[in-house]
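J.: Input file: final_10.tsv. Contents: TSV, C-alpha atoms.
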chain	number	residue	atom	x	y	z
Z	156	MET	CA	151.13	-120.21	202.64
Z	157	ASN	CA	153.35	-117.58	201.05
Z	158	ARG	CA	150.57	-115.04	201.41
Z	159	ALA	CA	147.09	-114.78	202.81
Z	160	LEU	CA	144.16	-116.32	201.00
Z	161	THR	CA	141.87	-113.70	199.50
Z	162	VAL	CA	138.38	-113.71	198.02
Z	163	ASP	CA	139.87	-113.04	194.59
Z	164	ASP	CA	141.91	-116.24	194.87
Z	165	LEU	CA	138.80	-118.25	195.68
Z	166	VAL	CA	136.85	-116.63	192.84
Z	167	LEU	CA	139.61	-117.28	190.30
Z	168	ALA	CA	140.06	-120.86	191.55
Z	169	GLY	CA	136.30	-121.41	191.29
Z	170	ILE	CA	136.30	-119.98	187.76
Z	171	ALA	CA	139.15	-122.31	186.75
Z	172	LEU	CA	137.43	-125.31	188.27
Z	173	GLY	CA	134.10	-124.34	186.66
Z	174	ALA	CA	135.81	-123.87	183.31
Z	175	GLY	CA	137.25	-127.37	183.62
Z	176	LEU	CA	133.80	-128.81	184.42
Z	177	LEU	CA	132.23	-126.93	181.49
Z	178	ALA	CA	134.96	-128.10	179.13
Z	179	ALA	CA	134.47	-131.68	180.35
Z	180	PHE	CA	130.72	-131.44	179.66
Z	181	LEU	CA	131.20	-129.96	176.18
Z	182	LEU	CA	133.84	-132.51	175.29
Z	183	ARG	CA	131.58	-135.33	176.44
Z	184	VAL	CA	128.82	-134.00	174.15
Z	185	LEU	CA	131.35	-133.83	171.31
Z	186	MET	CA	132.47	-137.41	171.95
Z	187	ARG	CA	128.86	-138.58	171.92
Z	188	TRP	CA	128.38	-136.92	168.53
Z	189	LEU	CA	131.54	-138.57	167.21
Z	190	GLY	CA	130.29	-141.90	168.56
Z	191	LYS	CA	127.13	-141.67	166.45
Z	192	HIS	CA	129.23	-141.08	163.33
Z	193	ALA	CA	131.57	-143.94	164.26
Z	194	ASP	CA	128.59	-146.32	164.44
Z	195	ARG	CA	127.97	-145.73	160.73
Z	196	THR	CA	131.39	-146.99	159.67
Z	197	ARG	CA	132.19	-150.64	158.99
Z	198	TRP	CA	135.37	-150.71	161.05
Z	199	SER	CA	134.65	-151.47	164.72
Z	200	GLY	CA	137.97	-150.02	165.88
Z	201	ASP	CA	136.78	-146.41	165.68
Z	202	ASP	CA	133.88	-147.28	167.99
Z	203	VAL	CA	136.36	-148.56	170.57
Z	204	ILE	CA	138.56	-145.46	170.29
Z	205	VAL	CA	135.68	-142.97	170.53
Z	206	ASP	CA	134.18	-144.88	173.47
Z	207	ALA	CA	137.51	-144.70	175.29
Z	208	LEU	CA	138.02	-141.00	174.50
Z	209	ARG	CA	134.53	-140.34	175.84
Z	210	THR	CA	135.94	-141.24	179.25
Z	211	VAL	CA	139.50	-139.90	179.23
Z	212	VAL	CA	138.95	-136.51	177.52
Z	213	PRO	CA	136.35	-135.14	179.99
Z	214	TRP	CA	138.45	-136.35	182.91
Z	215	ALA	CA	141.53	-134.67	181.46
Z	216	ALA	CA	139.62	-131.37	181.10
Z	217	PHE	CA	138.34	-131.57	184.68
Z	218	LEU	CA	141.80	-132.38	186.08
Z	219	ALA	CA	143.29	-129.52	184.07
Z	220	GLY	CA	140.77	-127.15	185.66
Z	221	ALA	CA	141.56	-128.56	189.11
Z	222	ALA	CA	145.31	-128.14	188.50
Z	223	SER	CA	144.74	-124.53	187.38
Z	224	ALA	CA	142.69	-123.86	190.50
Z	225	GLY	CA	145.47	-125.32	192.65
Z	226	GLY	CA	148.02	-123.13	190.91
Z	227	ILE	CA	145.94	-119.99	191.59
Z	228	LEU	CA	145.58	-120.63	195.31
Z	229	PRO	CA	148.50	-119.48	197.50
Z	230	LEU	CA	149.66	-122.97	198.54
Z	231	THR	CA	153.02	-123.89	200.02
Z	232	ARG	CA	155.49	-125.83	197.89
Z	233	THR	CA	154.85	-129.04	199.84
Z	234	VAL	CA	151.08	-128.82	199.51
Z	235	GLN	CA	151.35	-127.78	195.87
Z	236	LYS	CA	153.61	-130.77	195.21
Z	237	HIS	CA	151.15	-133.19	196.83
Z	238	VAL	CA	148.23	-131.68	194.92
Z	239	ASN	CA	150.06	-131.97	191.60
Z	240	GLN	CA	151.10	-135.54	192.39
Z	241	SER	CA	147.55	-136.50	193.31
Z	242	LEU	CA	146.12	-135.00	190.14
Z	243	THR	CA	148.84	-136.65	188.07
Z	244	VAL	CA	148.16	-140.03	189.67
Z	245	VAL	CA	144.44	-139.69	188.96
Z	246	LEU	CA	145.16	-138.74	185.34
Z	247	ILE	CA	147.58	-141.67	184.90
Z	248	PHE	CA	144.99	-143.99	186.42
Z	249	VAL	CA	142.29	-142.79	184.03
Z	250	VAL	CA	144.62	-142.93	181.02
Z	251	THR	CA	145.82	-146.42	181.96
Z	252	LEU	CA	142.29	-147.81	182.26
Z	253	THR	CA	141.33	-146.12	179.01
Z	254	ALA	CA	144.42	-147.39	177.19
Z	255	ALA	CA	143.80	-150.92	178.48
Z	256	ARG	CA	140.22	-150.77	177.23
Z	257	VAL	CA	141.24	-149.32	173.84
Z	258	ILE	CA	144.01	-151.81	173.18
Z	259	ALA	CA	141.95	-154.76	174.40
Z	260	GLY	CA	139.03	-153.60	172.25
Z	261	LEU	CA	141.23	-153.26	169.18
Z	262	VAL	CA	142.71	-156.72	169.74
Z	263	ARG	CA	139.21	-158.13	170.15
Z	264	ALA	CA	138.09	-156.40	166.94
Z	265	VAL	CA	141.05	-157.84	165.02
Z	266	THR	CA	140.48	-161.38	166.33
Z	267	GLN	CA	136.76	-161.17	165.57
Z	268	SER	CA	137.40	-159.99	162.02
Z	269	ARG	CA	139.75	-162.91	161.40
Z	270	SER	CA	137.95	-165.68	163.28
Z	271	GLY	CA	134.57	-165.51	161.64
Z	272	VAL	CA	131.46	-166.98	163.32
Z	273	ALA	CA	132.69	-167.39	166.85
Z	274	GLY	CA	133.78	-165.15	169.64
Z	275	SER	CA	137.18	-163.55	170.02
Z	276	ALA	CA	140.29	-165.21	171.38
Z	277	THR	CA	140.34	-163.69	174.89
Z	278	ILE	CA	143.84	-164.94	175.63
Z	279	PHE	CA	145.36	-162.05	173.66
Z	280	VAL	CA	142.80	-159.60	175.02
Z	281	ASN	CA	143.58	-160.53	178.63
Z	282	ILE	CA	147.35	-160.48	178.10
Z	283	THR	CA	147.32	-157.01	176.53
Z	284	ARG	CA	145.02	-155.69	179.25
Z	285	VAL	CA	147.25	-157.01	182.05
Z	286	LEU	CA	150.40	-155.62	180.40
Z	287	VAL	CA	148.92	-152.13	180.00
Z	288	LEU	CA	147.65	-152.09	183.60
Z	289	ALA	CA	151.03	-153.27	184.89
Z	290	ILE	CA	152.84	-150.51	182.96
Z	291	GLY	CA	150.40	-147.92	184.30
Z	292	PHE	CA	150.94	-149.17	187.86
Z	293	LEU	CA	154.72	-148.86	187.50
Z	294	VAL	CA	154.35	-145.33	186.11
Z	295	VAL	CA	152.21	-144.36	189.11
Z	296	LEU	CA	154.85	-145.67	191.51
Z	297	GLN	CA	157.57	-143.78	189.67
Z	298	THR	CA	155.46	-140.60	189.80
Z	299	LEU	CA	155.08	-140.97	193.56
Z	300	GLY	CA	158.86	-141.23	193.91
Z	301	ILE	CA	158.89	-144.95	194.71
Z	302	SER	CA	161.78	-146.80	193.08
Z	303	ILE	CA	160.59	-149.74	191.03
Z	304	ALA	CA	164.01	-151.36	190.57
Z	305	PRO	CA	163.92	-153.34	193.86
Z	306	MET	CA	160.35	-154.38	193.10
Z	307	LEU	CA	161.31	-155.68	189.67
Z	308	THR	CA	164.21	-157.61	191.22
Z	309	ALA	CA	161.93	-159.14	193.83
Z	310	LEU	CA	159.38	-160.02	191.19
Z	311	GLY	CA	162.08	-161.71	189.13
Z	312	VAL	CA	163.20	-163.90	192.03
Z	313	GLY	CA	159.64	-164.60	193.18
Z	314	GLY	CA	158.58	-165.33	189.64
Z	315	LEU	CA	160.72	-168.47	189.63
Z	316	ALA	CA	158.88	-169.85	192.65
Z	317	VAL	CA	155.53	-168.91	191.14
Z	318	ALA	CA	156.47	-170.55	187.84
Z	319	LEU	CA	157.30	-173.81	189.61
Z	320	ALA	CA	154.02	-173.73	191.52
Z	321	LEU	CA	151.95	-172.95	188.41
Z	322	GLN	CA	153.53	-175.29	185.89
Z	323	ASP	CA	150.22	-176.62	184.54
Z	324	THR	CA	148.69	-173.15	184.31
Z	325	LEU	CA	151.70	-171.73	182.50
Z	326	ALA	CA	151.83	-174.76	180.22
Z	327	ASN	CA	148.21	-174.13	179.22
Z	328	LEU	CA	148.92	-170.41	178.75
Z	329	PHE	CA	151.87	-170.93	176.41
Z	330	ALA	CA	150.07	-173.78	174.64
Z	331	GLY	CA	147.17	-171.42	173.92
Z	332	ILE	CA	149.55	-168.75	172.61
Z	333	HIS	CA	151.27	-171.35	170.43
Z	334	ILE	CA	147.96	-172.62	169.03
Z	335	LEU	CA	146.82	-169.14	168.04
Z	336	ALA	CA	150.22	-168.01	166.78
Z	337	SER	CA	150.60	-171.10	164.57
Z	338	LYS	CA	147.04	-170.56	163.23
Z	339	THR	CA	146.31	-174.28	163.33
Z	340	VAL	CA	143.12	-173.53	165.25
Z	341	GLN	CA	141.19	-170.27	165.37
Z	342	PRO	CA	137.87	-169.35	166.97
Z	343	GLY	CA	135.09	-170.34	164.57
Z	344	ASP	CA	136.85	-173.46	163.26
Z	345	TYR	CA	135.12	-176.84	163.37
Z	346	ILE	CA	137.51	-179.40	164.83
Z	347	GLN	CA	137.40	-183.09	165.68
Z	348	LEU	CA	139.82	-184.68	168.16
Z	349	SER	CA	141.07	-188.24	168.00
Z	350	SER	CA	139.34	-188.82	171.35
Z	351	GLY	CA	135.97	-188.11	169.70
Z	352	GLU	CA	135.16	-184.55	170.82
Z	353	GLU	CA	134.11	-182.26	167.99
Z	354	GLY	CA	132.45	-178.90	167.49
Z	355	TYR	CA	133.00	-175.21	166.78
Z	356	VAL	CA	135.80	-173.46	168.68
Z	357	GLU	CA	134.08	-170.76	170.73
Z	358	ASP	CA	137.08	-169.23	172.48
Z	359	ILE	CA	140.71	-169.82	173.41
Z	360	ASN	CA	141.61	-168.16	176.71
Z	361	TRP	CA	144.65	-168.31	178.96
Z	362	ARG	CA	143.84	-171.77	180.33
Z	363	GLN	CA	141.38	-173.65	178.16
Z	364	THR	CA	139.65	-173.90	174.81
Z	365	THR	CA	135.86	-173.91	174.68
Z	366	VAL	CA	134.24	-175.97	171.93
Z	367	ARG	CA	130.51	-175.86	171.16
Z	368	ALA	CA	129.17	-179.20	169.91
Z	369	LEU	CA	126.36	-179.46	167.37
Z	370	SER	CA	124.09	-180.36	170.30
Z	371	ASN	CA	124.83	-176.84	171.64
Z	372	ASN	CA	126.73	-178.24	174.64
Z	373	LEU	CA	130.08	-176.75	175.63
Z	374	ILE	CA	133.21	-178.91	175.71
Z	375	VAL	CA	136.10	-177.51	177.78
Z	376	ILE	CA	139.57	-178.70	176.72
Z	377	PRO	CA	142.81	-177.60	178.46
Z	378	ASN	CA	145.12	-175.89	175.99
Z	379	GLY	CA	147.95	-178.29	176.78
Z	380	GLU	CA	145.79	-181.29	175.93
Z	381	LEU	CA	144.58	-179.65	172.73
Z	382	ALA	CA	148.14	-178.92	171.62
Z	383	LYS	CA	149.12	-182.58	172.07
Z	384	ALA	CA	145.98	-184.14	170.57
Z	385	ASN	CA	145.59	-185.51	167.05
Z	386	MET	CA	143.04	-183.19	165.50
Z	387	THR	CA	141.22	-182.63	162.24
Z	388	ASN	CA	140.35	-179.04	161.37
Z	389	PHE	CA	137.49	-179.01	158.86
Z	390	MET	CA	137.87	-175.26	158.20
Z	391	ARG	CA	141.52	-175.17	157.15
Z	392	PRO	CA	143.10	-174.72	154.70
Z	393	GLU	CA	139.68	-174.37	153.04
Z	394	GLN	CA	136.20	-174.20	154.50
Z	395	LYS	CA	134.55	-175.98	151.56
Z	396	LEU	CA	134.72	-179.76	151.64
Z	397	THR	CA	133.36	-182.82	149.87
Z	398	ILE	CA	131.24	-185.58	151.36
Z	399	THR	CA	130.36	-189.01	150.01
Z	400	VAL	CA	127.11	-190.97	149.92
Z	401	GLN	CA	127.14	-194.71	149.21
Z	402	VAL	CA	124.42	-196.00	146.83
Z	403	GLY	CA	123.69	-199.34	145.15
Z	404	VAL	CA	121.49	-200.39	142.20
Z	405	ALA	CA	120.34	-203.73	140.85
Z	406	TYR	CA	122.50	-205.73	138.43
Z	407	ASP	CA	119.98	-205.37	135.61
Z	408	SER	CA	120.20	-201.55	135.73
Z	409	ASP	CA	121.56	-199.49	132.84
Z	410	LEU	CA	124.62	-197.94	134.52
Z	411	GLU	CA	124.89	-195.11	131.98
Z	412	HIS	CA	121.30	-194.18	132.74
Z	413	VAL	CA	121.92	-194.49	136.49
Z	414	GLU	CA	124.96	-192.21	136.29
Z	415	ARG	CA	123.13	-189.59	134.22
Z	416	VAL	CA	120.09	-189.50	136.52
Z	417	THR	CA	122.24	-189.38	139.67
Z	418	CYS	CA	124.32	-186.49	138.30
Z	419	GLU	CA	121.14	-184.58	137.49
Z	420	VAL	CA	119.92	-184.99	141.07
Z	421	VAL	CA	123.32	-183.86	142.41
Z	422	ALA	CA	123.27	-180.75	140.21
Z	423	GLU	CA	119.72	-179.97	141.34
Z	424	VAL	CA	120.67	-180.27	145.02
Z	425	MET	CA	123.81	-178.15	144.57
Z	426	LYS	CA	121.77	-175.31	143.05
Z	427	GLU	CA	118.70	-175.35	145.28
Z	428	ILE	CA	119.87	-176.26	148.80
Z	429	ASP	CA	121.44	-173.68	151.12
Z	430	GLY	CA	125.01	-174.49	152.09
Z	431	ALA	CA	125.81	-176.46	148.94
Z	432	VAL	CA	128.66	-175.51	146.60
Z	433	THR	CA	126.83	-174.27	143.51
Z	434	ASP	CA	129.77	-174.78	141.13
Z	435	HIS	CA	130.48	-178.32	142.34
Z	436	GLU	CA	130.84	-180.82	139.49
Z	437	PRO	CA	128.59	-183.88	140.01
Z	438	LEU	CA	130.72	-187.00	140.46
Z	439	VAL	CA	129.61	-190.65	140.46
Z	440	ARG	CA	132.13	-193.47	140.82
Z	441	PHE	CA	131.16	-197.16	140.52
Z	442	HIS	CA	133.39	-199.34	142.64
Z	443	THR	CA	131.88	-202.65	143.87
Z	444	PHE	CA	130.11	-205.77	142.59
Z	445	GLY	CA	128.21	-206.58	145.76
Z	446	ASP	CA	126.15	-209.61	146.75
Z	447	SER	CA	122.94	-208.12	145.38
Z	448	ARG	CA	123.87	-204.74	143.91
Z	449	ILE	CA	126.45	-202.68	142.09
Z	450	GLY	CA	127.76	-200.12	144.55
Z	451	PHE	CA	128.91	-196.63	143.73
Z	452	THR	CA	129.88	-193.42	145.52
Z	453	VAL	CA	128.27	-190.04	144.99
Z	454	ILE	CA	130.46	-187.02	145.83
Z	455	LEU	CA	128.72	-183.84	147.02
Z	456	GLY	CA	130.19	-180.40	147.73
Z	457	VAL	CA	129.26	-178.51	150.91
Z	458	GLY	CA	130.23	-175.02	151.95
Z	459	GLU	CA	130.70	-175.74	155.65
Z	460	PHE	CA	130.90	-178.82	157.87
Z	461	SER	CA	127.47	-178.62	159.51
Z	462	ASP	CA	125.77	-178.17	156.11
Z	463	GLN	CA	126.49	-181.79	155.19
Z	464	PHE	CA	123.58	-183.18	157.21
Z	465	ARG	CA	120.97	-181.05	155.47
Z	466	ILE	CA	122.46	-181.70	152.04
Z	467	LYS	CA	122.64	-185.48	152.58
Z	468	HIS	CA	119.05	-185.43	153.78
Z	469	GLU	CA	117.77	-183.62	150.69
Z	470	PHE	CA	119.92	-185.63	148.28
Z	471	ILE	CA	118.73	-189.02	149.55
Z	472	LYS	CA	115.08	-187.95	149.42
Z	473	ARG	CA	115.34	-186.57	145.90
Z	474	LEU	CA	117.42	-189.47	144.61
Z	475	HIS	CA	114.95	-192.03	145.98
Z	476	ARG	CA	112.01	-190.20	144.36
Z	477	ARG	CA	113.84	-189.81	141.03
Z	478	TYR	CA	114.87	-193.49	140.93
Z	479	ALA	CA	111.24	-194.46	141.49
Z	480	GLN	CA	110.20	-192.26	138.57
Z	481	GLU	CA	112.92	-193.65	136.28
Z	482	GLY	CA	112.30	-197.28	137.23
Z	483	ILE	CA	115.77	-197.71	138.75
Z	484	ARG	CA	115.64	-200.36	141.45
Z	485	ILE	CA	117.61	-200.26	144.70
Z	486	PRO	CA	117.53	-203.92	145.80
Z	487	ALA	CA	117.37	-205.04	149.38
Z	488	PRO	CA	120.34	-207.20	150.41
Z	489	ALA	CA	119.60	-210.91	149.94
Z	490	ARG	CA	121.22	-214.09	151.16
Z	491	THR	CA	120.80	-217.77	150.29
Z	492	VAL	CA	119.82	-220.00	153.21
Z	493	ALA	CA	120.16	-223.78	152.80
Z	494	LEU	CA	117.58	-225.98	154.51
Z	495	GLN	CA	119.00	-229.50	154.88
Z	496	GLN	CA	116.72	-232.55	154.83
Z	497	GLY	CA	118.81	-235.60	155.26
Z	498	SER	CA	121.59	-235.21	152.72
Z	499	VAL	CA	119.56	-232.99	150.36
Z	500	SER	CA	120.07	-229.22	150.45
Z	501	ILE	CA	117.16	-227.04	149.41
Z	502	PRO	CA	118.43	-223.49	148.71
Z	503	GLN	CA	116.01	-220.66	149.43
Z	504	GLN	CA	116.70	-216.96	148.90
Z	505	ARG	CA	115.61	-214.54	151.57
Z	506	SER	CA	115.85	-210.79	151.87
Z	507	ALA	CA	118.02	-209.18	154.51
Z	508	GLY	CA	115.01	-208.59	156.72
Z	509	GLN	CA	114.22	-212.27	156.71
Z	510	VAL	CA	117.73	-213.46	157.28
Z	511	GLY	CA	117.67	-212.24	160.85
Z	512	ASP	CA	114.81	-214.63	161.57
Z	513	ALA	CA	116.13	-217.50	159.49
Z	514	HIS	CA	118.28	-220.31	160.73
Z	515	VAL	CA	119.65	-223.55	159.39
Z	516	ALA	CA	117.20	-226.34	160.24
Z	517	HIS	CA	118.21	-230.00	160.35
Z	518	LEU	CA	115.21	-232.16	159.53
Z	519	ASP	CA	115.18	-235.81	160.52
Show me, as structure tokens, the structure contained in the file I just sent.

T.:
Amino acid sequence: MNRALTVDDLVLAGIALGAGLLAAFLLRVLMRWLGKHADRTRWSGDDVIVDALRTVVPWAAFLAGAASAGGILPLTRTVQKHVNQSLTVVLIFVVTLTAARVIAGLVRAVTQSRSGVAGSATIFVNITRVLVLAIGFLVVLQTLGISIAPMLTALGVGGLAVALALQDTLANLFAGIHILASKTVQPGDYIQLSSGEEGYVEDINWRQTTVRALSNNLIVIPNGELAKANMTNFMRPEQKLTITVQVGVAYDSDLEHVERVTCEVVAEVMKEIDGAVTDHEPLVRFHTFGDSRIGFTVILGVGEFSDQFRIKHEFIKRLHRRYAQEGIRIPAPARTVALQQGSVSIPQQRSAGQVGDAHVAHLD
């Protein structure tokens, strides 16, 4: 010490430390008040910022009071240096954790706002968090007087060995970044792979993509495999899509009447069923002279992939009821079976349900 410690020094140091604690308490109350106002806004980014400041601002006030108390006490230069370094390291540590949480939260908010119904793409969240923590760690080392140049050189040389050992992991990491950067697949999209897997993309992290099937089961696909697979994205470039339903009517039907009635049912379904495209134009296209019917295709508009099942269900029910009311007949498939007796063929017509039981009989 340069001089002897007195009671006045202790009192002043205690006042400085107490003032720092009081300021930390008042600032925490202020941050809580700001948090309530941030909850009322639509943007989720201000919630993340206020939540982070709620941690870093009180700590900064407390550390400022502690630094003032250390400056009041008659400490030697060496002790004063160590005290200042320790307080600085603690402040950098708090700021680094807070910055990592803020930036990761903002990235998560951005990905959620762009991806729609599913969770955020954690690959970007994790990468930003790791980068901020790494920068904070290097700043701490520099503050303590430890040179980071040799460490960076060693990391560069060792990184080659690590890269060789983790080829698959790095391939999945960069494949995930490529998938998100190219915007071919985003969380919330409904995809179908050529191998048969399909569902909503829940998340794309540093190693794998999680897909939730309609059965609510999770399908885990490595990013590298997803990047190489043939895939259909039912949400891009447009979420709305059209589906087809195959129908057939008897040959003696009035096709103009059939088309008019079918279009009326389509328009009714489009207006009344949730998930249908209300401005979809009813379309009926005749295309086939079948064995027992004239076949045609009905085109329906749906707002999202999973809505098609409900819309098909309602359309078929309503179309069947309306055809019954209008006297439009949907014939069962029929086939002609020849029963041979000697050299005489006796043709008989059977419905499709009977054909399965029928066979060609040779009578002596």

J.: Which of these residues is nearest to Ala174 of chain Z, using all atoms listed in the file: Z:Gln480, Z:Thr210, Z:Ser223, Z:Thr298?

T.: Z:Ser223

J.: Using Å and a single decimal, report how far atom CA of Arg183 of chain Z sits from atom CA of Val257 of chain Z.

T.: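 For atom CA of Val257 of chain Z relative to atom CA of Arg183 of chain Z, the distance reads 17.2 Å.
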
J.: Report as a compact mmCIF listing (two decimals) with C-alpha atoms, keeping the file's coordinate frame all protein, DNA and RNA residues lying within 9 Å of Glu469 of chain Z, evaluated on only C-alpha atoms, omitting residues in the same chain fewer than 5 positions from it.

T.:
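Okay, this is what ended up in selection35.txt:
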# COMPACT_ATOMS: atom_id res chain seq x y z
CA VAL Z 424 120.67 -180.27 145.02
CA ILE Z 428 119.87 -176.26 148.80
CA PHE Z 464 123.58 -183.18 157.21
CA LEU Z 474 117.42 -189.47 144.61

J.: Can you tell me, as a list in words, which residues sit within 10 Å of (130.1, -195.0, 140.8) in the file's frame, using only C-alpha atoms?

T.: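 Protein, DNA and RNA residues close to (130.1, -195.0, 140.8): Gln401, Val402, Gly403, Leu410, Val413, Glu414, Thr417, Leu438, Val439, Arg440, Phe441, His442, Thr443, Ile449, Gly450, Phe451, Thr452, Val453 and Ile454 of chain Z.
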
J.: Take the residues from that selection and write them out as a short mmCIF file (atom, residue, chain, number, x, y, z; two decimals), keeping the file's coordinate frame, keeping C-alpha atoms.

T.:
data_model
loop_
_atom_site.label_atom_id
_atom_site.label_comp_id
_atom_site.auth_asym_id
_atom_site.auth_seq_id
_atom_site.Cartn_x
_atom_site.Cartn_y
_atom_site.Cartn_z
CA GLN Z 401 127.14 -194.71 149.21
CA VAL Z 402 124.42 -196.00 146.83
CA GLY Z 403 123.69 -199.34 145.15
CA LEU Z 410 124.62 -197.94 134.52
CA VAL Z 413 121.92 -194.49 136.49
CA GLU Z 414 124.96 -192.21 136.29
CA THR Z 417 122.24 -189.38 139.67
CA LEU Z 438 130.72 -187.00 140.46
CA VAL Z 439 129.61 -190.65 140.46
CA ARG Z 440 132.13 -193.47 140.82
CA PHE Z 441 131.16 -197.16 140.52
CA HIS Z 442 133.39 -199.34 142.64
CA THR Z 443 131.88 -202.65 143.87
CA ILE Z 449 126.45 -202.68 142.09
CA GLY Z 450 127.76 -200.12 144.55
CA PHE Z 451 128.91 -196.63 143.73
CA THR Z 452 129.88 -193.42 145.52
CA VAL Z 453 128.27 -190.04 144.99
CA ILE Z 454 130.46 -187.02 145.83
#
